[in-house]
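Here's query_4.tsv, which has TSV, C-alpha atoms:
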```tsv
chain	number	residue	atom	x	y	z
A	1	MET	CA	-165.01	-18.41	-11.25
A	2	LYS	CA	-165.42	-14.88	-12.59
A	3	LYS	CA	-164.51	-12.02	-10.32
A	4	LYS	CA	-167.05	-9.46	-9.20
A	5	ILE	CA	-166.48	-5.98	-10.65
A	6	SER	CA	-167.35	-2.68	-8.98
A	7	PHE	CA	-167.71	0.46	-11.10
A	8	CYS	CA	-167.00	3.28	-8.64
A	9	THR	CA	-168.04	6.88	-9.15
A	10	VAL	CA	-167.55	9.87	-6.87
A	11	CYS	CA	-169.76	12.90	-7.39
A	12	MET	CA	-169.59	16.31	-5.76
A	13	ASN	CA	-171.89	18.87	-7.38
A	14	ARG	CA	-171.62	17.24	-10.80
A	15	LEU	CA	-175.24	16.08	-11.10
A	16	HIS	CA	-175.49	17.74	-14.50
A	17	HIS	CA	-172.91	15.22	-15.72
A	18	LEU	CA	-174.10	12.18	-13.80
A	19	ARG	CA	-177.68	12.64	-15.01
A	20	LYS	CA	-176.39	12.08	-18.56
A	21	THR	CA	-173.94	9.25	-17.92
A	22	LEU	CA	-175.10	6.98	-15.09
A	23	PRO	CA	-178.52	5.93	-16.50
A	24	VAL	CA	-176.86	5.13	-19.82
A	25	ASN	CA	-174.09	3.16	-18.09
A	26	LEU	CA	-176.62	1.15	-16.09
A	27	LYS	CA	-178.59	0.28	-19.22
A	28	ASN	CA	-175.52	-0.48	-21.31
A	29	THR	CA	-174.29	-3.10	-18.86
A	30	LYS	CA	-177.62	-4.62	-17.80
A	31	ASN	CA	-176.76	-8.04	-19.28
A	32	PHE	CA	-173.46	-8.38	-17.42
A	33	GLU	CA	-173.81	-10.27	-14.15
A	34	ASN	CA	-171.57	-9.94	-11.12
A	35	LEU	CA	-171.29	-6.18	-11.55
A	36	GLU	CA	-172.25	-3.37	-9.18
A	37	PHE	CA	-172.22	0.39	-9.55
A	38	VAL	CA	-171.09	2.19	-6.39
A	39	LEU	CA	-171.93	5.89	-6.25
A	40	LEU	CA	-170.41	8.06	-3.52
A	41	ASP	CA	-172.22	11.34	-2.97
A	42	TYR	CA	-169.34	13.45	-1.65
A	43	ASN	CA	-171.59	15.89	0.20
A	44	SER	CA	-173.17	17.31	-2.95
A	45	SER	CA	-175.52	20.26	-2.63
A	46	ASP	CA	-177.01	20.15	-6.13
A	47	GLY	CA	-179.85	17.66	-5.59
A	48	LEU	CA	-177.90	14.46	-6.28
A	49	GLU	CA	-179.53	12.51	-3.43
A	50	ASP	CA	-183.06	13.37	-4.56
A	51	TYR	CA	-182.22	12.49	-8.14
A	52	VAL	CA	-180.96	9.01	-7.23
A	53	LYS	CA	-183.89	8.44	-4.88
A	54	ASN	CA	-186.50	9.49	-7.42
A	55	ASP	CA	-185.05	8.48	-10.78
A	56	LEU	CA	-182.79	5.51	-10.05
A	57	ALA	CA	-184.72	3.82	-7.23
A	58	THR	CA	-185.26	0.63	-9.25
A	59	TYR	CA	-181.52	0.10	-9.60
A	60	VAL	CA	-180.94	0.79	-5.91
A	61	GLN	CA	-183.66	-1.65	-4.88
A	62	SER	CA	-182.22	-4.37	-7.10
A	63	GLY	CA	-178.71	-3.87	-5.71
A	64	ARG	CA	-177.28	-3.01	-9.09
A	65	LEU	CA	-176.61	0.53	-7.85
A	66	VAL	CA	-175.37	1.13	-4.30
A	67	TYR	CA	-175.61	4.72	-3.10
A	68	TYR	CA	-173.49	6.12	-0.28
A	69	LYS	CA	-173.42	9.64	1.06
A	70	THR	CA	-170.96	11.44	3.30
A	71	ASN	CA	-171.83	14.76	4.91
A	72	THR	CA	-168.26	15.38	6.05
A	73	PRO	CA	-166.29	16.99	3.16
A	74	VAL	CA	-166.32	20.73	2.68
A	75	HIS	CA	-164.15	20.58	-0.43
A	76	PHE	CA	-163.45	17.92	-3.02
A	77	HIS	CA	-160.44	15.75	-2.16
A	78	ARG	CA	-159.59	13.59	-5.14
A	79	SER	CA	-157.46	10.99	-3.35
A	80	HIS	CA	-159.59	10.61	-0.23
A	81	SER	CA	-162.82	10.33	-2.21
A	82	ARG	CA	-161.44	7.58	-4.44
A	83	ASN	CA	-160.03	5.71	-1.48
A	84	LEU	CA	-163.38	5.86	0.26
A	85	VAL	CA	-165.45	4.67	-2.70
A	86	PHE	CA	-163.01	1.81	-3.42
A	87	LYS	CA	-163.23	0.69	0.21
A	88	LEU	CA	-167.04	0.76	0.06
A	89	ALA	CA	-167.10	-1.42	-3.07
A	90	THR	CA	-167.62	-5.17	-2.65
A	91	GLY	CA	-166.07	-6.26	-5.95
A	92	ASP	CA	-162.82	-8.16	-6.40
A	93	ILE	CA	-161.94	-5.64	-9.12
A	94	VAL	CA	-162.60	-1.94	-8.51
A	95	CYS	CA	-162.78	0.52	-11.41
A	96	ASN	CA	-162.83	4.29	-11.14
A	97	ILE	CA	-165.43	5.76	-13.49
A	98	ASP	CA	-165.55	9.55	-13.32
A	99	ALA	CA	-168.98	11.18	-13.27
A	100	ASP	CA	-168.53	12.47	-16.83
A	101	ASN	CA	-167.54	9.07	-18.26
A	102	PHE	CA	-169.64	6.57	-20.19
A	103	THR	CA	-169.18	2.80	-20.04
A	104	GLU	CA	-170.03	0.88	-23.20
A	105	SER	CA	-171.82	-2.48	-23.08
A	106	ASP	CA	-168.58	-4.36	-23.76
A	107	PHE	CA	-166.55	-2.54	-21.12
A	108	PRO	CA	-167.11	-4.99	-18.22
A	109	VAL	CA	-166.48	-7.89	-20.62
A	110	TYR	CA	-163.18	-6.30	-21.59
A	111	VAL	CA	-162.21	-5.76	-17.93
A	112	GLN	CA	-163.09	-9.34	-17.01
A	113	LYS	CA	-161.05	-10.67	-19.93
A	114	ILE	CA	-157.93	-8.66	-19.00
A	115	PHE	CA	-157.97	-9.75	-15.36
A	116	THR	CA	-158.74	-13.38	-16.21
A	117	GLU	CA	-155.82	-13.60	-18.62
A	118	SER	CA	-153.46	-11.62	-16.35
A	119	PRO	CA	-154.49	-11.86	-12.67
A	120	ASN	CA	-151.49	-9.82	-11.49
A	121	THR	CA	-152.31	-6.70	-13.47
A	122	PHE	CA	-154.07	-3.38	-13.34
A	123	LEU	CA	-155.74	-1.58	-16.23
A	124	THR	CA	-155.14	2.09	-16.99
A	125	THR	CA	-155.33	4.75	-19.69
A	126	ILE	CA	-151.91	6.04	-18.65
A	127	GLY	CA	-149.36	4.68	-21.10
A	128	THR	CA	-145.73	3.88	-20.39
A	129	ASN	CA	-144.61	6.44	-22.97
A	130	GLY	CA	-146.98	9.27	-22.18
A	131	ASN	CA	-150.73	9.73	-22.49
A	132	LEU	CA	-152.54	7.63	-25.05
A	133	PHE	CA	-155.97	9.05	-24.24
A	134	ARG	CA	-157.36	12.53	-23.72
A	135	LYS	CA	-157.61	13.99	-20.23
A	136	ASP	CA	-161.33	13.31	-19.82
A	137	VAL	CA	-160.71	9.56	-19.45
A	138	LEU	CA	-157.29	9.52	-17.76
A	139	GLY	CA	-158.96	8.75	-14.43
A	140	ARG	CA	-160.20	5.39	-15.74
A	141	ILE	CA	-158.30	2.74	-13.78
A	142	CYS	CA	-159.21	-0.81	-12.73
A	143	VAL	CA	-157.29	-2.73	-10.08
A	144	ASN	CA	-157.65	-5.80	-7.92
A	145	LYS	CA	-158.98	-4.59	-4.61
A	146	LYS	CA	-156.27	-6.49	-2.74
A	147	ASP	CA	-153.61	-4.57	-4.71
A	148	PHE	CA	-155.36	-1.28	-3.95
A	149	TYR	CA	-155.05	-2.09	-0.25
A	150	ARG	CA	-151.50	-3.34	-0.61
A	151	VAL	CA	-150.15	0.04	-1.74
A	152	GLY	CA	-152.25	2.08	0.70
A	153	GLY	CA	-154.60	3.49	-1.90
A	154	PHE	CA	-154.20	6.92	-3.46
A	155	ASP	CA	-151.78	9.18	-1.58
A	156	GLU	CA	-153.99	11.46	0.53
A	157	ARG	CA	-151.28	14.10	0.78
A	158	MET	CA	-152.24	14.77	-2.85
A	159	SER	CA	-155.42	16.68	-2.14
A	160	TYR	CA	-155.47	18.83	-5.29
A	161	TYR	CA	-155.99	18.23	-9.00
A	162	GLY	CA	-153.56	16.16	-11.03
A	163	PHE	CA	-150.97	13.36	-10.83
A	164	GLU	CA	-152.63	11.36	-8.03
A	165	ASP	CA	-153.50	8.69	-10.62
A	166	TYR	CA	-149.98	8.70	-12.08
A	167	ASP	CA	-148.59	8.25	-8.58
A	168	PHE	CA	-150.98	5.36	-7.93
A	169	VAL	CA	-149.82	3.69	-11.15
A	170	ASN	CA	-146.17	4.14	-10.18
A	171	ARG	CA	-146.64	2.59	-6.77
A	172	LEU	CA	-148.60	-0.38	-8.10
A	173	GLU	CA	-145.65	-1.12	-10.38
A	174	PHE	CA	-143.20	-0.69	-7.50
A	175	ASN	CA	-145.24	-3.37	-5.75
A	176	GLY	CA	-144.87	-5.81	-8.64
A	177	VAL	CA	-148.29	-5.35	-10.24
A	178	ILE	CA	-148.12	-5.32	-14.04
A	179	ARG	CA	-149.53	-2.41	-15.99
A	180	SER	CA	-152.01	-3.13	-18.80
A	181	VAL	CA	-152.92	-0.15	-20.96
A	182	PHE	CA	-156.35	0.07	-22.58
A	183	SER	CA	-156.25	-0.92	-26.22
A	184	GLN	CA	-156.34	2.05	-28.58
A	185	ASN	CA	-159.11	0.19	-30.39
A	186	PHE	CA	-161.29	0.29	-27.27
A	187	ARG	CA	-163.64	3.26	-27.28
A	188	LEU	CA	-163.62	5.36	-24.12
A	189	VAL	CA	-166.17	8.18	-24.16
A	190	ALA	CA	-166.64	11.16	-21.84
A	191	LEU	CA	-168.65	14.35	-21.80
A	192	GLN	CA	-166.89	17.50	-22.92
A	193	HIS	CA	-166.88	20.29	-20.37
A	194	HIS	CA	-165.03	23.45	-19.42
A	195	LEU	CA	-161.67	23.08	-17.70
A	196	THR	CA	-162.79	25.24	-14.78
A	197	GLU	CA	-165.14	22.46	-13.65
A	198	ARG	CA	-162.19	20.21	-12.87
A	199	THR	CA	-161.24	22.29	-9.81
A	200	ALA	CA	-164.52	24.07	-9.04
A	201	ASN	CA	-165.14	22.23	-5.74
A	202	GLU	CA	-161.56	22.14	-4.51
A	203	TYR	CA	-160.02	24.11	-1.67
A	204	VAL	CA	-157.75	26.34	-3.76
A	205	THR	CA	-160.53	27.55	-6.06
A	206	GLN	CA	-162.97	28.29	-3.27
A	207	ASN	CA	-160.52	29.85	-0.80
A	208	LEU	CA	-158.11	31.86	-2.93
A	209	GLU	CA	-158.58	35.45	-1.79
A	210	ILE	CA	-155.82	37.28	-3.65
A	211	LEU	CA	-153.53	36.12	-6.44
A	212	ALA	CA	-150.53	38.26	-7.30
A	213	PHE	CA	-147.37	37.94	-9.35
A	214	ARG	CA	-143.93	39.54	-9.59
A	215	TYR	CA	-142.05	39.57	-12.88
A	216	LEU	CA	-138.47	38.29	-12.54
A	217	THR	CA	-137.14	37.29	-15.96
A	218	PRO	CA	-138.67	36.31	-19.30
A	219	ALA	CA	-138.55	32.69	-18.06
A	220	SER	CA	-139.54	33.10	-14.39
A	221	THR	CA	-142.41	34.66	-12.45
A	222	GLU	CA	-142.98	34.74	-8.71
A	223	LEU	CA	-146.56	33.85	-7.72
A	224	TYR	CA	-148.30	34.74	-4.44
A	225	PHE	CA	-151.35	32.70	-3.39
A	226	MET	CA	-153.20	34.38	-0.50
A	227	PHE	CA	-155.98	32.34	1.09
A	228	LYS	CA	-159.01	33.40	3.09
A	229	ASN	CA	-157.72	31.80	6.31
A	230	GLY	CA	-154.57	33.97	6.27
A	231	ASP	CA	-152.21	31.38	4.80
A	232	VAL	CA	-149.97	32.40	1.90
A	233	LYS	CA	-147.70	30.43	-0.39
A	234	LYS	CA	-145.28	31.79	-2.93
A	235	GLY	CA	-143.03	30.20	-5.49
A	236	VAL	CA	-141.18	30.97	-8.69
A	237	MET	CA	-142.78	29.47	-11.79
A	238	VAL	CA	-140.05	28.51	-14.23
A	239	ASP	CA	-140.24	27.99	-17.98
A	240	ASN	CA	-137.81	25.06	-18.12
A	241	ALA	CA	-137.00	25.41	-21.81
A	242	ASN	CA	-135.68	28.96	-21.41
A	243	PHE	CA	-134.62	29.33	-17.79
A	244	ARG	CA	-130.88	29.31	-17.04
A	245	TYR	CA	-130.22	27.27	-13.93
A	246	THR	CA	-127.11	28.38	-12.04
A	247	GLU	CA	-126.96	25.60	-9.45
A	248	PRO	CA	-126.52	21.81	-9.68
A	249	PHE	CA	-129.65	19.78	-10.25
A	250	THR	CA	-130.99	17.82	-7.31
A	251	PRO	CA	-132.55	14.42	-8.12
A	252	LEU	CA	-136.00	15.95	-7.64
A	253	LYS	CA	-135.18	18.85	-9.95
A	254	GLN	CA	-134.07	16.41	-12.63
A	255	THR	CA	-137.49	14.76	-12.56
A	256	GLN	CA	-139.16	18.17	-12.70
A	257	ILE	CA	-137.13	19.48	-15.61
A	258	LYS	CA	-138.86	17.26	-18.17
A	259	TYR	CA	-142.09	19.26	-17.73
A	260	LYS	CA	-142.71	22.57	-19.45
A	261	TYR	CA	-143.10	24.41	-16.15
A	262	SER	CA	-141.80	23.77	-12.66
A	263	ILE	CA	-141.35	25.59	-9.37
A	264	TYR	CA	-137.82	26.85	-8.84
A	265	ASP	CA	-136.78	25.43	-5.46
A	266	ASP	CA	-139.03	22.35	-5.63
A	267	GLN	CA	-141.22	23.77	-2.88
A	268	TRP	CA	-143.60	26.52	-1.91
A	269	THR	CA	-142.49	29.12	0.62
A	270	LYS	CA	-145.17	29.22	3.33
A	271	GLY	CA	-146.29	32.04	5.57
A	272	VAL	CA	-149.20	34.18	6.70
A	273	TRP	CA	-150.55	37.40	5.23
A	274	ARG	CA	-152.86	40.20	6.23
A	275	PRO	CA	-154.18	43.34	4.58
A	276	VAL	CA	-152.92	46.55	6.13
A	277	LYS	CA	-154.06	50.11	5.50
A	278	SER	CA	-151.23	50.77	3.10
A	279	GLY	CA	-151.14	47.41	1.33
A	280	LEU	CA	-150.16	43.79	2.15
A	281	GLU	CA	-148.00	42.39	4.93
A	282	PHE	CA	-146.35	38.94	4.80
A	283	SER	CA	-144.63	36.93	7.51
A	284	TRP	CA	-142.73	33.97	6.06
A	285	SER	CA	-141.54	30.78	7.71
A	286	GLY	CA	-138.13	31.53	9.18
A	287	GLY	CA	-139.18	34.98	10.37
A	288	LYS	CA	-138.69	37.08	7.24
A	289	MET	CA	-141.20	39.92	6.82
A	290	GLU	CA	-142.35	41.69	3.66
A	291	LEU	CA	-144.49	44.78	3.23
A	292	PHE	CA	-145.92	45.84	-0.13
A	293	ILE	CA	-147.39	49.34	-0.39
A	294	TYR	CA	-150.31	49.79	-2.77
A	295	ASP	CA	-150.13	52.47	-5.48
A	296	PRO	CA	-153.68	53.09	-6.77
A	297	GLU	CA	-152.46	55.09	-9.76
A	298	MET	CA	-150.39	52.16	-11.09
A	299	SER	CA	-152.66	49.44	-9.64
A	300	ARG	CA	-149.74	47.57	-8.15
A	301	TYR	CA	-147.96	46.95	-4.84
A	302	TYR	CA	-144.40	48.23	-4.24
A	303	ARG	CA	-141.95	46.56	-1.86
A	304	ASP	CA	-139.28	49.26	-1.75
A	305	PRO	CA	-139.30	53.08	-1.68
A	306	ASP	CA	-137.59	53.25	-5.07
A	307	HIS	CA	-140.51	51.44	-6.71
A	308	THR	CA	-138.24	48.95	-8.47
A	309	GLU	CA	-139.80	45.78	-7.01
A	310	PHE	CA	-143.54	45.32	-7.25
A	311	ILE	CA	-146.31	42.77	-7.60
A	312	TYR	CA	-149.52	42.91	-9.60
A	313	ARG	CA	-152.83	41.60	-8.39
A	314	ILE	CA	-154.52	39.19	-10.83
A	315	SER	CA	-158.30	39.45	-11.08
A	316	GLU	CA	-158.99	38.13	-14.59
A	317	LYS	CA	-160.82	34.80	-14.26
A	318	ARG	CA	-158.94	32.92	-16.96
A	319	LEU	CA	-155.54	33.80	-15.51
A	320	ARG	CA	-156.68	32.92	-11.99
A	321	HIS	CA	-157.86	29.53	-13.19
A	322	GLN	CA	-154.55	28.88	-14.94
A	323	ALA	CA	-152.70	29.80	-11.77
A	324	VAL	CA	-154.91	27.52	-9.69
A	325	MET	CA	-154.20	24.64	-12.10
A	326	PHE	CA	-150.48	25.33	-11.84
A	327	PHE	CA	-150.61	25.43	-8.04
A	328	SER	CA	-152.66	22.22	-7.83
A	329	GLN	CA	-150.64	20.22	-10.31
A	330	ILE	CA	-147.23	21.36	-9.08
A	331	THR	CA	-148.11	20.59	-5.45
A	332	ASN	CA	-149.25	17.07	-6.31
A	333	ARG	CA	-146.45	16.52	-8.81
A	334	LEU	CA	-143.78	17.24	-6.21
A	335	ILE	CA	-145.22	14.51	-3.99
A	336	MET	CA	-145.45	12.08	-6.91
A	337	ASN	CA	-141.85	12.70	-7.94
A	338	GLN	CA	-140.60	12.29	-4.39
A	339	ASN	CA	-142.47	8.98	-4.09
A	340	ARG	CA	-140.96	7.87	-7.37
A	341	LEU	CA	-137.41	8.82	-6.39
A	342	ASN	CA	-137.79	6.98	-3.09
A	343	ARG	CA	-139.57	4.06	-4.78
A	344	GLN	CA	-142.26	4.56	-2.17
A	345	ALA	CA	-144.70	1.74	-2.85
A	346	ILE	CA	-146.89	2.16	0.23
A	347	VAL	CA	-148.39	5.42	1.50
A	348	ASN	CA	-151.02	6.53	4.03
A	349	LEU	CA	-149.45	4.50	6.84
A	350	ASP	CA	-151.95	5.91	9.34
A	351	GLY	CA	-154.91	4.77	7.24
A	352	PHE	CA	-156.87	6.12	4.31
A	353	GLY	CA	-160.40	6.60	3.08
A	354	LYS	CA	-161.67	7.21	6.61
A	355	ASP	CA	-165.14	8.70	6.96
A	356	THR	CA	-168.72	8.12	8.07
A	357	VAL	CA	-171.26	7.35	5.34
A	358	PHE	CA	-174.93	6.49	4.97
A	359	LYS	CA	-176.02	3.70	2.65
A	360	ASN	CA	-179.07	3.85	0.36
A	361	PHE	CA	-180.72	6.81	2.15
A	362	ASP	CA	-180.65	5.13	5.58
A	363	LEU	CA	-179.93	8.06	7.89
A	364	ILE	CA	-180.45	5.98	11.03
A	365	THR	CA	-177.48	3.63	10.64
A	366	PRO	CA	-174.21	5.41	9.88
A	367	LEU	CA	-171.29	3.31	8.66
A	368	THR	CA	-167.86	4.30	9.95
A	369	ILE	CA	-165.05	3.46	7.57
A	370	PHE	CA	-161.63	3.10	9.19
```
Encoded form (structure tokens):
Amino acid sequence: MKKKISFCTVCMNRLHHLRKTLPVNLKNTKNFENLEFVLLDYNSSDGLEDYVKNDLATYVQSGRLVYYKTNTPVHFHRSHSRNLVFKLATGDIVCNIDADNFTESDFPVYVQKIFTESPNTFLTTIGTNGNLFRKDVLGRICVNKKDFYRVGGFDERMSYYGFEDYDFVNRLEFNGVIRSVFSQNFRLVALQHHLTERTANEYVTQNLEILAFRYLTPASTELYFMFKNGDVKKGVMVDNANFRYTEPFTPLKQTQIKYKYSIYDDQWTKGVWRPVKSGLEFSWSGGKMELFIYDPEMSRYYRDPDHTEFIYRISEKRLRHQAVMFFSQITNRLIMNQNRLNRQAIVNLDGFGKDTVFKNFDLITPLTIF
């Protein structure tokens, strides 16, 4: 007996992508039975609900497309959203299909074939020796739903952009599930779009008030991320190819060193900040205080009366986006590497994908997902 497949898509303010992909995907796979499309509206504010109700009603009525909406999220949470949509799916095999991805007519046939021939497998674009596909399709992963539950889903500590899928792949393998990589001959297609869209709805992008940096060496720069709620995080970005480490490598540092950039002490220093009349005041965990005095003539903040230590405020959009990507990926990557070092197969021990949703525009009967 063939397994039921669920193509799962999460969308938060990406209607301009979904409008181009989802109708095509539904038409491309119309001849494949035992397949459902599950669309999770992650509290979009761009008209997604009205679009599905008006333009895709036939598919919803037939059951081919199942629409869920949550009004809970304020920001996009990659791991939680995927956990939720996978839990809502009714298929034996759940496949993540990003909103900007197309599915060809032979895609469900290919998925069914792989899982029929190798029941104890999962299917991914992430190769054992690096990436075989471009970033736009790296989120494409198919897994037996029972295996998804067995490892506790995507790690919800990884709330930012990047590496949550790599971590999921690692933990499936720790649990004895065999990795199958998409054939290079299989065509995976996605819409091209600007990199800034990848993090547009996430917490860091929407809540970063001030970004500043302090030059240390040609291979290291200290970054300050000041958020609207008064939180601040700082860390030293290291160019691993040129930075001279003076201390022994910890196991975590050894996993970090293979990347082009890392954060020096394998962690962010946390604290609170506030603007003061003369500049910026920081209070760090452990009780250390810092005061930077603003010099309008030089457009920078000085920490000492001799003006030898200073930070610059970054306002240029491209640099801010690059810093946000660094912050997001480093934060998630540290969690992934720690899971890998500990061979942590199961995460989210207190549950995952929890939320309240509404199915197919029924606002009377909320569904609580535990």
Next on the checklist: Can you pull out the residues contacting stretch 119-125 of chain A? Cut-off 7 Å, using all atoms listed in the file, and skip same-chain residues under 5 positions away; I want them as a ChimeraX atom specification.
Outcome noted: /A:132-133,138,140-144,177-182
Take the selection from the previous step and output its residues with C-alpha atoms, as a compact mmCIF listing (two decimals), keeping the file's coordinate frame.
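Below you can see part20.txt, which holds the result:
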```
# COMPACT_ATOMS: atom_id res chain seq x y z
CA LEU A 132 -152.54 7.63 -25.05
CA PHE A 133 -155.97 9.05 -24.24
CA LEU A 138 -157.29 9.52 -17.76
CA ARG A 140 -160.20 5.39 -15.74
CA ILE A 141 -158.30 2.74 -13.78
CA CYS A 142 -159.21 -0.81 -12.73
CA VAL A 143 -157.29 -2.73 -10.08
CA ASN A 144 -157.65 -5.80 -7.92
CA VAL A 177 -148.29 -5.35 -10.24
CA ILE A 178 -148.12 -5.32 -14.04
CA ARG A 179 -149.53 -2.41 -15.99
CA SER A 180 -152.01 -3.13 -18.80
CA VAL A 181 -152.92 -0.15 -20.96
CA PHE A 182 -156.35 0.07 -22.58
```
Who sits within 9 Å of stretch 356-358 of chain A, only C-alpha atoms, same chain under 2 positions skipped, as a CSV table (one decimal) with C-alpha atoms, in the coordinates of the input:
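Wrote around03.csv, looks like this:
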```csv
chain,number,residue,atom,x,y,z
A,40,LEU,CA,-170.4,8.1,-3.5
A,67,TYR,CA,-175.6,4.7,-3.1
A,68,TYR,CA,-173.5,6.1,-0.3
A,69,LYS,CA,-173.4,9.6,1.1
A,70,THR,CA,-171.0,11.4,3.3
A,71,ASN,CA,-171.8,14.8,4.9
A,72,THR,CA,-168.3,15.4,6.0
A,354,LYS,CA,-161.7,7.2,6.6
A,360,ASN,CA,-179.1,3.8,0.4
A,361,PHE,CA,-180.7,6.8,2.2
A,362,ASP,CA,-180.6,5.1,5.6
A,363,LEU,CA,-179.9,8.1,7.9
A,364,ILE,CA,-180.4,6.0,11.0
A,365,THR,CA,-177.5,3.6,10.6
A,366,PRO,CA,-174.2,5.4,9.9
A,367,LEU,CA,-171.3,3.3,8.7
A,368,THR,CA,-167.9,4.3,10.0
A,369,ILE,CA,-165.0,3.5,7.6
A,370,PHE,CA,-161.6,3.1,9.2
```
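Closest approach to A:Ser315 among A:Asp350, A:Asp295, A:Glu209, A:Glu290: A:Glu209, based on only C-alpha atoms.
Between A:Val169 and the candidates A:Phe76, A:Phe115, A:Phe154, A:Tyr149, the tightest atom-to-atom separation, counting only C-alpha atoms, involves A:Phe154.
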Checklist entry - What is the atom CA of A:Ala190 to atom CA of A:Leu35 distance in Å? => result 20.7 Å
